[in-house]
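Encoded as structure tokens, the structure appears first; notes follow it.
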Amino acid sequence: MTLANVAVAFFLLLVLYAIRLALAVLAPEISGWPLYILLPLGLALSVIGLMFTRGVASRWSRRIAYLVNGCALALDLLIIFGFAALFVSSTKELFLIPDGYRGDVYVVYDAPDGESLNKTRWAVTYRIPKDGVLRVQGPMTRTWTRTEYDYQMEIGKLKRIRNFWPTTIHPTTENLANDRDIGVFFPRSGTFTDPTGCSVEYQQFYVGTKAHLLTKYKELDLSSYLQKHPVGCTSQPK
């Protein structure tokens, strides 16, 4: 029982490390589902191991078993409380996109003539206009975020966009033929600086199908847009 608990704790640490790497490189190949299996399994083994440790005859073996199972239980609880604290402190970002829109989406921050930022303590909502570029007066969210993408129909009903493609979409026969599944491709944030030193922060992602992205996609030129729609400066050259 104790050896099994050690093995589960070891694999749990490996899964956490793999998820950390996945977040660093946005690798979709690494899934978090092993965490949902190993964590309750580790909790169960820790509790059962502590219960059976009472019956161990050898005092030293009993102490080692208490130490190993106790540490494993502490690790499991630390992970649970850590994820709970992260979830409670995070901000939900909701992107509402006009139904049927395909192409680049930009949120440009700190625009003096932009829309007021629809934000509460726990969530921020971005209502993307038909041209795909939303200008808001507030700054970019700096805390940990949980992001949701939805198409908003004219009657106000929301349709969740569940597909998420964070890395390169290759022009395979299957992808070129897939004009059915709607998804979000490669969300990122950045700062654009014009020749005068004026800079603005933005978020960007593509929404649409793989076939549209590979065959009909036309990049929205943020530089040209900002020249026609200046938003002011968040920083000035020294």
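Lettering and numbering for the structure tokens are positional, with chains as A, B, ... in the shown order, residues counted from 1 in each chain, and ligands counted from 1 in the shown order.
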
* segment 84-150 of chain A: residues DSSP assigns to helix (DSSP H, G or I), reported as a list in words -> Ala84, Ala85, Leu86, Phe87, Val88 and Ser89 of chain A

* Do a neighbour search on segment 178-189 of chain A at 7 Å with only C-alpha atoms, toss out local chain neighbours closer than 3 positions, and write the hits as an MDAnalysis selection string. => chainID A and resid 161:167 174:175 202:212

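Atom to atom, atom CA of Thr196 of chain A and atom CA of Ile128 of chain A stand 28.2 Å apart.
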
* Name the residues in contact with segment 97-114 of chain A at a cut-off of 7 Å, using only C-alpha atoms, excluding same-chain residues fewer than 4 positions from it; report them as a PyMOL selection string. => chain A and resi 127-130+132-140+150-153+200-208+217+219-220+231-232

* Enumerate as a PyMOL selection string all residues of segment 24-163 of chain A assigned to strand (DSSP E) by DSSP on the backbone, naming them with the chain letters and numbers the document uses. => chain A and resi 91-98+103-108+118-119+123-127+133-135+145-152+158-160+163

Keeping only C-alpha atoms, take the residues you just selected and write them out as a tab-separated table (two decimals), in the first residue's frame.
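This is the output file out10.tsv:
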chain	number	residue	atom	x	y	z
A	91	THR	CA	-10.88	36.17	-13.50
A	92	LYS	CA	-13.25	34.75	-16.11
A	93	GLU	CA	-12.81	36.31	-19.56
A	94	LEU	CA	-15.88	35.99	-21.78
A	95	PHE	CA	-15.58	36.88	-25.47
A	96	LEU	CA	-18.95	37.40	-27.18
A	97	ILE	CA	-18.45	37.23	-30.96
A	98	PRO	CA	-21.10	38.05	-33.60
A	103	GLY	CA	-11.36	35.96	-38.94
A	104	ASP	CA	-9.08	37.83	-36.56
A	105	VAL	CA	-10.41	39.25	-33.31
A	106	TYR	CA	-8.58	42.05	-31.53
A	107	VAL	CA	-9.18	43.69	-28.16
A	108	VAL	CA	-7.26	46.97	-27.97
A	118	ASN	CA	-17.52	45.48	-18.69
A	119	LYS	CA	-15.78	44.12	-15.61
A	123	ALA	CA	-15.33	38.37	-14.64
A	124	VAL	CA	-14.79	40.61	-17.64
A	125	THR	CA	-16.93	40.50	-20.79
A	126	TYR	CA	-15.81	41.59	-24.24
A	127	ARG	CA	-18.58	42.21	-26.81
A	133	VAL	CA	-11.85	44.92	-33.31
A	134	LEU	CA	-13.01	45.99	-29.85
A	135	ARG	CA	-11.53	49.14	-28.30
A	145	THR	CA	-7.79	34.10	-16.29
A	146	ARG	CA	-10.29	31.45	-17.36
A	147	THR	CA	-11.35	32.16	-20.92
A	148	GLU	CA	-14.63	31.33	-22.67
A	149	TYR	CA	-15.53	32.06	-26.29
A	150	ASP	CA	-19.13	32.29	-27.49
A	151	TYR	CA	-21.01	33.24	-30.63
A	152	GLN	CA	-23.81	35.67	-29.77
A	158	LEU	CA	-25.05	32.27	-26.78
A	159	LYS	CA	-23.42	29.32	-28.56
A	160	ARG	CA	-20.21	28.06	-26.97
A	163	ASN	CA	-12.68	23.79	-30.16

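In terms of minimum interatomic distance to Leu41 of chain A, A:Ala72 ranks closest within A:Gln227, A:Ala72, A:Leu67, A:Ser61, counting only C-alpha atoms.
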